[in-house]
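**Student:** This one is work-v2.pdb, PDB, C-alpha atoms.
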MODEL        1
ATOM      1  CA  MET C   1     -36.624 -10.356  -8.145
ATOM      2  CA  ASP C   2     -32.954  -9.799  -7.383
ATOM      3  CA  THR C   3     -31.184  -9.166 -10.677
ATOM      4  CA  THR C   4     -27.831  -9.898  -9.068
ATOM      5  CA  THR C   5     -28.819 -13.562  -8.528
ATOM      6  CA  ALA C   6     -30.491 -14.117 -11.914
ATOM      7  CA  ARG C   7     -27.450 -15.925 -13.328
ATOM      8  CA  SER C   8     -24.867 -17.975 -11.480
ATOM      9  CA  ILE C   9     -21.177 -17.502 -12.061
ATOM     10  CA  THR C  10     -19.455 -20.124 -14.197
ATOM     11  CA  ARG C  11     -17.024 -22.707 -12.907
ATOM     12  CA  SER C  12     -14.110 -20.890 -14.574
ATOM     13  CA  ASP C  13     -15.221 -17.661 -12.875
ATOM     14  CA  ALA C  14     -15.300 -19.438  -9.522
ATOM     15  CA  VAL C  15     -11.815 -20.897 -10.064
ATOM     16  CA  GLY C  16     -10.467 -17.465 -10.980
ATOM     17  CA  LEU C  17     -12.028 -15.904  -7.892
ATOM     18  CA  TRP C  18     -10.670 -18.634  -5.618
ATOM     19  CA  LEU C  19      -7.188 -18.139  -7.073
ATOM     20  CA  PHE C  20      -7.516 -14.391  -6.594
ATOM     21  CA  MET C  21      -8.608 -14.877  -2.987
ATOM     22  CA  ALA C  22      -5.722 -17.284  -2.309
ATOM     23  CA  ALA C  23      -3.236 -14.829  -3.812
ATOM     24  CA  GLY C  24      -4.739 -12.012  -1.748
ATOM     25  CA  ALA C  25      -4.440 -14.019   1.461
ATOM     26  CA  ILE C  26      -0.781 -14.825   0.684
ATOM     27  CA  ILE C  27      -0.040 -11.165  -0.040
ATOM     28  CA  ALA C  28      -1.690 -10.088   3.216
ATOM     29  CA  VAL C  29       0.201 -12.632   5.316
ATOM     30  CA  TRP C  30       3.508 -11.837   3.598
ATOM     31  CA  GLY C  31       3.066  -8.071   3.941
ATOM     32  CA  ILE C  32       2.035  -8.189   7.581
ATOM     33  CA  MET C  33       4.807 -10.632   8.509
ATOM     34  CA  ALA C  34       7.375  -8.457   6.729
ATOM     35  CA  ALA C  35       6.170  -5.436   8.699
ATOM     36  CA  VAL C  36       6.267  -7.346  12.001
ATOM     37  CA  LEU C  37       9.809  -8.591  11.344
ATOM     38  CA  ARG C  38      10.897  -5.066  10.415
ATOM     39  CA  ILE C  39       9.398  -3.700  13.651
ATOM     40  CA  ILE C  40      11.255  -6.376  15.632
ATOM     41  CA  GLU C  41      14.457  -5.303  13.879
ATOM     42  CA  ILE C  42      13.830  -1.607  14.543
ATOM     43  CA  ALA C  43      12.523  -1.864  18.105
ATOM     44  CA  PRO C  44      15.905  -1.999  19.957
ATOM     45  CA  ASN C  45      16.972   1.169  18.079
ATOM     46  CA  ARG C  46      20.498  -0.118  17.565
ATOM     47  CA  ASP C  47      22.295  -0.166  14.188
ATOM     48  CA  VAL C  48      19.086   0.683  12.370
ATOM     49  CA  SER C  49      19.087   0.464   8.564
ATOM     50  CA  VAL C  50      17.088   3.224   6.893
ATOM     51  CA  ALA C  51      16.351   3.680   3.184
ATOM     52  CA  ALA C  52      17.216   7.245   2.179
ATOM     53  CA  GLU C  53      16.653   9.434  -0.865
ATOM     54  CA  PHE C  54      19.396  11.743  -2.111
ATOM     55  CA  ALA C  55      19.105  14.796  -4.348
ATOM     56  CA  GLY C  56      21.812  13.792  -6.802
ATOM     57  CA  THR C  57      24.517  13.847  -4.132
ATOM     58  CA  PRO C  58      27.998  13.116  -5.586
ATOM     59  CA  ALA C  59      29.632   9.927  -4.330
ATOM     60  CA  ASP C  60      32.506   7.652  -5.328
ATOM     61  CA  ALA C  61      31.746   4.146  -6.605
ATOM     62  CA  PRO C  62      34.383   1.463  -7.419
ATOM     63  CA  ILE C  63      33.179   0.912 -10.971
ATOM     64  CA  GLY C  64      36.184   2.172 -12.929
ATOM     65  CA  PRO C  65      39.044   0.121 -14.454
ATOM     66  CA  GLY C  66      40.551  -2.173 -11.858
ATOM     67  CA  GLY C  67      37.916  -1.104  -9.332
ATOM     68  CA  SER C  68      38.989   2.516  -9.352
ATOM     69  CA  SER C  69      36.565   5.112  -8.001
ATOM     70  CA  VAL C  70      34.231   6.969 -10.333
ATOM     71  CA  GLU C  71      32.052   9.849  -9.203
ATOM     72  CA  VAL C  72      28.342   9.132  -9.530
ATOM     73  CA  ALA C  73      25.142  10.965  -8.589
ATOM     74  CA  LEU C  74      23.610   9.199  -5.605
ATOM     75  CA  ASP C  75      19.807   8.985  -5.615
ATOM     76  CA  GLN C  76      19.113   6.189  -3.131
ATOM     77  CA  ALA C  77      21.077   4.423  -0.426
ATOM     78  CA  VAL C  78      20.652   2.502   2.821
ATOM     79  CA  LEU C  79      22.015   4.262   5.894
ATOM     80  CA  THR C  80      22.970   2.331   9.023
ATOM     81  CA  VAL C  81      22.591   4.512  12.099
ATOM     82  CA  PRO C  82      23.809   3.559  15.600
ATOM     83  CA  ALA C  83      20.536   4.923  16.983
ATOM     84  CA  LEU C  84      17.774   7.064  15.533
ATOM     85  CA  PRO C  85      16.350  10.144  17.266
ATOM     86  CA  GLY C  86      13.137   9.315  19.098
ATOM     87  CA  ALA C  87      10.808  10.997  16.595
ATOM     88  CA  SER C  88      12.514   9.297  13.630
ATOM     89  CA  TRP C  89      12.406   5.920  15.369
ATOM     90  CA  ALA C  90       8.682   6.376  16.019
ATOM     91  CA  ALA C  91       8.147   7.412  12.380
ATOM     92  CA  LEU C  92       9.872   4.246  11.172
ATOM     93  CA  ILE C  93       7.676   2.119  13.437
ATOM     94  CA  ALA C  94       4.600   4.015  12.241
ATOM     95  CA  GLN C  95       5.616   3.398   8.625
ATOM     96  CA  GLN C  96       5.546  -0.358   9.175
ATOM     97  CA  VAL C  97       2.277  -0.257  11.102
ATOM     98  CA  ILE C  98       0.625   1.793   8.349
ATOM     99  CA  ALA C  99       2.001  -0.510   5.645
ATOM    100  CA  ALA C 100       0.676  -3.624   7.414
ATOM    101  CA  THR C 101      -2.680  -1.986   8.139
ATOM    102  CA  THR C 102      -3.072  -0.797   4.561
ATOM    103  CA  ILE C 103      -2.299  -4.216   3.121
ATOM    104  CA  GLY C 104      -4.584  -5.948   5.606
ATOM    105  CA  VAL C 105      -7.570  -3.635   5.100
ATOM    106  CA  VAL C 106      -7.335  -3.591   1.302
ATOM    107  CA  VAL C 107      -6.941  -7.351   0.994
ATOM    108  CA  VAL C 108      -9.750  -8.111   3.471
ATOM    109  CA  CYS C 109     -12.108  -5.751   1.614
ATOM    110  CA  LEU C 110     -11.267  -7.362  -1.734
ATOM    111  CA  LEU C 111     -11.640 -10.870  -0.301
ATOM    112  CA  MET C 112     -15.058  -9.988   1.073
ATOM    113  CA  LEU C 113     -15.977  -8.501  -2.307
ATOM    114  CA  CYS C 114     -14.873 -11.684  -4.110
ATOM    115  CA  TRP C 115     -16.857 -13.808  -1.669
ATOM    116  CA  ALA C 116     -19.972 -11.738  -2.362
ATOM    117  CA  VAL C 117     -19.464 -12.096  -6.121
ATOM    118  CA  MET C 118     -19.139 -15.868  -5.722
ATOM    119  CA  ARG C 119     -22.563 -15.752  -4.089
ATOM    120  CA  ASN C 120     -23.848 -13.857  -7.174
ATOM    121  CA  GLN C 121     -24.118 -10.567  -5.285
ATOM    122  CA  VAL C 122     -22.261  -7.970  -7.315
ATOM    123  CA  PHE C 123     -23.912  -4.591  -6.925
ATOM    124  CA  SER C 124     -25.034  -3.782  -3.403
ATOM    125  CA  GLY C 125     -24.527  -1.107  -0.792
ATOM    126  CA  ARG C 126     -22.182  -3.410   1.111
ATOM    127  CA  ASN C 127     -19.983  -4.046  -1.910
ATOM    128  CA  THR C 128     -19.911  -0.350  -2.725
ATOM    129  CA  ALA C 129     -18.712   0.363   0.809
ATOM    130  CA  LEU C 130     -16.031  -2.338   0.507
ATOM    131  CA  VAL C 131     -14.712  -0.821  -2.733
ATOM    132  CA  ALA C 132     -14.726   2.681  -1.235
ATOM    133  CA  VAL C 133     -12.917   1.593   1.947
ATOM    134  CA  ALA C 134     -10.294  -0.333  -0.034
ATOM    135  CA  GLY C 135      -9.708   2.612  -2.365
ATOM    136  CA  ILE C 136      -9.470   5.245   0.360
ATOM    137  CA  THR C 137      -7.252   3.080   2.564
ATOM    138  CA  GLY C 138      -4.947   2.211  -0.329
ATOM    139  CA  THR C 139      -4.602   5.841  -1.397
ATOM    140  CA  ILE C 140      -3.870   7.102   2.115
ATOM    141  CA  GLY C 141      -1.430   4.265   2.779
ATOM    142  CA  PHE C 142       0.376   4.845  -0.524
ATOM    143  CA  ALA C 143       1.043   8.444   0.512
ATOM    144  CA  ALA C 144       1.691   7.853   4.221
ATOM    145  CA  VAL C 145       4.254   5.038   3.967
ATOM    146  CA  PRO C 146       6.915   7.043   2.060
ATOM    147  CA  PHE C 147       6.089  10.157   4.113
ATOM    148  CA  PHE C 148       7.013   8.447   7.385
ATOM    149  CA  GLY C 149       9.987   6.804   5.671
ATOM    150  CA  ASN C 150      11.253  10.249   4.718
ATOM    151  CA  MET C 151      10.893  11.418   8.313
ATOM    152  CA  ALA C 152      13.018   8.497   9.492
ATOM    153  CA  ALA C 153      15.629   9.111   6.785
ATOM    154  CA  ASN C 154      15.933  12.786   7.695
ATOM    155  CA  GLY C 155      16.526  11.804  11.305
ATOM    156  CA  ALA C 156      19.236   9.390  10.149
ATOM    157  CA  PHE C 157      20.920  12.166   8.160
ATOM    158  CA  THR C 158      20.805  14.445  11.185
ATOM    159  CA  ARG C 159      22.291  11.817  13.490
ATOM    160  CA  LEU C 160      25.105  10.839  11.108
ATOM    161  CA  SER C 161      26.086  14.394  10.148
ATOM    162  CA  ASP C 162      25.281  16.186  13.413
ATOM    163  CA  GLY C 163      22.909  18.336  11.394
ATOM    164  CA  ASP C 164      25.554  19.512   8.903
ATOM    165  CA  PHE C 165      24.131  17.624   5.897
ATOM    166  CA  ASP C 166      20.887  19.107   4.546
ATOM    167  CA  ASN C 167      19.129  16.517   2.408
ATOM    168  CA  VAL C 168      15.406  16.932   3.023
ATOM    169  CA  VAL C 169      13.847  15.055   0.092
ATOM    170  CA  MET C 170      10.161  14.140   0.057
ATOM    171  CA  SER C 171       9.904  11.172  -2.296
ATOM    172  CA  VAL C 172       6.146  10.699  -2.719
ATOM    173  CA  ASP C 173       5.497  10.015  -6.418
ATOM    174  CA  LEU C 174       2.360  12.013  -7.132
ATOM    175  CA  MET C 175       1.430  10.531 -10.519
ATOM    176  CA  PRO C 176       0.804   6.957  -9.241
ATOM    177  CA  LEU C 177      -0.960   8.482  -6.239
ATOM    178  CA  PHE C 178      -3.319  10.485  -8.450
ATOM    179  CA  PHE C 179      -3.873   7.441 -10.677
ATOM    180  CA  LEU C 180      -4.699   5.254  -7.674
ATOM    181  CA  ALA C 181      -7.113   7.871  -6.332
ATOM    182  CA  PHE C 182      -8.755   8.112  -9.768
ATOM    183  CA  VAL C 183      -9.157   4.331 -10.056
ATOM    184  CA  ALA C 184     -10.569   4.104  -6.526
ATOM    185  CA  ALA C 185     -13.054   6.917  -7.186
ATOM    186  CA  MET C 186     -14.068   5.385 -10.525
ATOM    187  CA  ALA C 187     -14.609   1.933  -8.983
ATOM    188  CA  ALA C 188     -16.698   3.384  -6.146
ATOM    189  CA  THR C 189     -18.766   5.359  -8.657
ATOM    190  CA  VAL C 190     -19.364   2.295 -10.844
ATOM    191  CA  PHE C 191     -20.541   0.243  -7.877
ATOM    192  CA  THR C 192     -22.730   3.098  -6.649
ATOM    193  CA  VAL C 193     -24.412   3.452 -10.048
ATOM    194  CA  GLY C 194     -24.711  -0.317 -10.398
ATOM    195  CA  ASP C 195     -26.383  -0.619  -7.008
ATOM    196  CA  ARG C 196     -28.823   2.169  -7.878
ATOM    197  CA  LEU C 197     -29.705   0.525 -11.218
ATOM    198  CA  ARG C 198     -30.238  -2.784  -9.419
ATOM    199  CA  ARG C 199     -32.654  -1.200  -6.973
ATOM    200  CA  ASP C 200     -34.443   0.652  -9.762
ATOM    201  CA  THR C 201     -34.794  -2.604 -11.721
ATOM    202  CA  GLU C 202     -36.160  -4.417  -8.685
ATOM    203  CA  GLY C 203     -38.755  -1.688  -8.346
ATOM    204  CA  LEU C 204     -39.987  -2.330 -11.881
ATOM    205  CA  VAL C 205     -40.454  -6.058 -11.370
TER     206      VAL C 205
ENDMDL
END
Represent the structure contained in this file as structure tokens.
**Tutor:**
Amino acid sequence: MDTTTARSITRSDAVGLWLFMAAGAIIAVWGIMAAVLRIIEIAPNRDVSVAAEFAGTPADAPIGPGGSSVEVALDQAVLTVPALPGASWAALIAQQVIAATTIGVVVVCLLMLCWAVMRNQVFSGRNTALVAVAGITGTIGFAAVPFFGNMAANGAFTRLSDGDFDNVVMSVDLMPLFFLAFVAAMAATVFTVGDRLRRDTEGLV
């Protein structure tokens, strides 16, 4: 007896899963298309816009009375560079490829998981593998995307300042990264234990 097929999902469960799958497909298409369009924009390596992090760099902003300049601490800005150095250009392309790949892999894994649940198959080795792959891919992608973005930004700083402006800032937020890794590990553990309990229960029947 397969305990995972002992009870069918309800109609409301099925509707929720279908909505989740539709939303996932839209997210995947949107994310991949955004990455492709960004690559098309970057590919000629002319007048490239790059998001950059600053370490509280002072700058003037027209926010005073009558539009007068007020000094502010700059944390983020978009730099437009005539052309990026080769390594920075490649890093920016890699950032988009990794972002698209991460979104695609995670969404496909979750869609396959939802499809299995709709067929009343919750705990299984296959579903455990899907959860693990989604979690690992998401965690690596979450760290890699800003890392390559920082590489591109540093190249933009070098090109604009001829190397005179030192602003190497690595902007990977570790707390969300640790939280994501924890959630992924917890989900994989739950599915692993659930699959083992299912097999143990089948052995008793």
**Student:** Report as an MDAnalysis selection string all protein, DNA and RNA residues lying within 9 Å of Gly138 (chain C), evaluated on only C-alpha atoms, omitting residues in the same chain fewer than 6 positions from it.
**Tutor:** chainID C and resid 102:103 105:106 180:181 184
**Student:** With 7 Å as the threshold, what does the neighbourhood of (-12.6, 2.9, -2.5) contain in terms of residues, counting only C-alpha atoms? Coordinates are those of the file; answer as a list in words.
**Tutor:**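 The residues that fall inside the cut-off are Leu130, Val131, Ala132, Val133, Ala134, Gly135, Ile136, Ala184, Ala185, Ala187 and Ala188 of chain C.
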**Student:** When you draw a straight line from CA of Gly31 (chain C) to CA of Gly141 (chain C), how long is it in Å?
**Tutor:**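 Answer for the CA of Gly31 (chain C) to CA of Gly141 (chain C) separation: 13.2 Å.
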**Student:** Once the PyMOL selection byres ((chain C and resi 32) around 8) has been applied to the shown file, what residues remain in the selection, as a PyMOL selection string?
**Tutor:** chain C and resi 28-31+33-36+99-101+103-104
**Student:** CA of Gly86 (chain C) and CA of Pro58 (chain C) are how many Å apart?
**Tutor:**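 Here the two named atoms are 29.1 Å from each other.
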**Student:** Given the file shown, enumerate the residues that the PyMOL selection byres ((chain C and resi 145-156) around 6) captures and present them as number ranges by chain.
**Tutor:** C: 52, 88, 91-92, 95, 141-144, 157-159
**Student:** Please compute the CA of Ala23 (chain C)-CA of Arg126 (chain C) distance, one decimal, in Å.
**Tutor:**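 Separation of CA of Ala23 (chain C) and CA of Arg126 (chain C): 22.7 Å.
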**Student:** Show me the residues around (-8.3, -10.4, 2.2) - criterion: an atom at most 7 Å away, all atoms listed in the file counted - as JSON, numbers by chain.
**Tutor:** {"C": [21, 24, 25, 28, 104, 106, 107, 108, 109, 110, 111, 112]}
**Student:** Name the closest residue to Val122 (chain C) among the candidates C:Ser161, C:Gln96, C:Thr80, C:Thr192; distances are taken between atoms, counting only C-alpha atoms.
**Tutor:**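 Looking at the shortest contact to Val122 (chain C), the residue is C:Thr192.
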